[in-house]
Amino acid sequence: MPVALITGISGQDGSYLAESLLADGYQVHGVVRSPGEENIGGLGAPDALTLHTLNLLEPGRLEELVAEVRPDEVYSLAAISSVFESWKNPVRTGEVNGQVVVRLLESAQRLSADHGHPVRLVHASSAEIFGQATQSPQTESTPIAPTSPYGASKAYAHLSAGVFRARGLHVSNCVLYNHESPRRPETFVTRKITAGVARISAGLQDGLELGNLDARRDWGWAPDYVAAMRLAATAPEAQDFIIATGVSHTIGDFLDAAFDRVGITDWSGLVTVNPAFVRPVDPSEQLGDASKAHAVLGWSPTIDFATLVHRMVDHDLELLAT
């Protein structure tokens, strides 16, 4: 059976990816920081799933794991994934999001070239590499000009993937725009909103404190984006792909859809703006053109914006009912 290695398996994308690969008969190896991490419990303990507890920053450990597992496919998902958090700890963000990825690329290159075991690698890049983009929507040729430590770390990994691709490694960057699901932790504004709206509707919370309500983002459904990464891994040619819906909405639009799900049409008195939650430099709009992914990979999103928000609210309402 084919073997896949996932760094960041316990995150939103990693858990959906593991489920998908296991369903297709893969032997899946996942890297976790501790055995009880969020989202892993739902995977159960199938014989085809092996979890490896290790510190990605420990010298040599990741390299040893790649050599031991000998994966056919590698998915580089582990990251400090919050832009807000990256401003608090830019050095560690660079180490985890940048240096760890380069070590993974080098390990895959060595396994492919020196040991004759071809590896296909997909790196989860980010729309944050474009910063205050000079064009909208953004494409694979949009200049890379990050405006946050998170974006800079992702840009380093993104460009490094291109360097290793030129050396013969089958590595694709999937430039993922915002993608959500009930598996998002509440540290992300989308889940903070849906969980908060559910509690407000149940009388358990008085209101929400948020940052910039006018920021526009291109939001998609996380399982769709995982499907895109799998398509990129098995594509004949490794390339860079924008993965996005091509439709942007504001945080205010997200609030509209979430409160609408619980029958609240006027939320103005329930939401306040806290300057502490506003990013130092926040791109005004992120909007992706996924035409290349459509044409080359045959990929398209399956869930629209309103359905995505409603599914998240419904999930959080169900949690309150249990």
# chains A, B, ... in the order shown; residues from 1 in each chain; ligands from 1
$ select_by_dssp --residues "region 148-317 of chain A" --states "alpha helix (DSSP H)" --output "number ranges by chain"
A: 149-166, 189-201, 222-234, 251-261, 291-292, 305-317
$ closest_residue --among "A:Asp289, A:Asp260, A:Asp47, A:Glu68" --to "Thr307 (chain A)" --atoms "only C-alpha atoms"
A:Asp260
$ closest_residue --among "A:Pro118, A:Gly11, A:Pro59, A:Pro2" --to "Pro182 (chain A)" --atoms "only C-alpha atoms"
A:Gly11
$ residues_around --residues "region 308-315 of chain A" --least-positions-apart "3" --cutoff "7 Å" --atoms "only C-alpha atoms" --output "VMD selection string"
chain A and resid 181 to 182 194 to 195 198 221 257 to 258 261 303 to 305 318 to 319
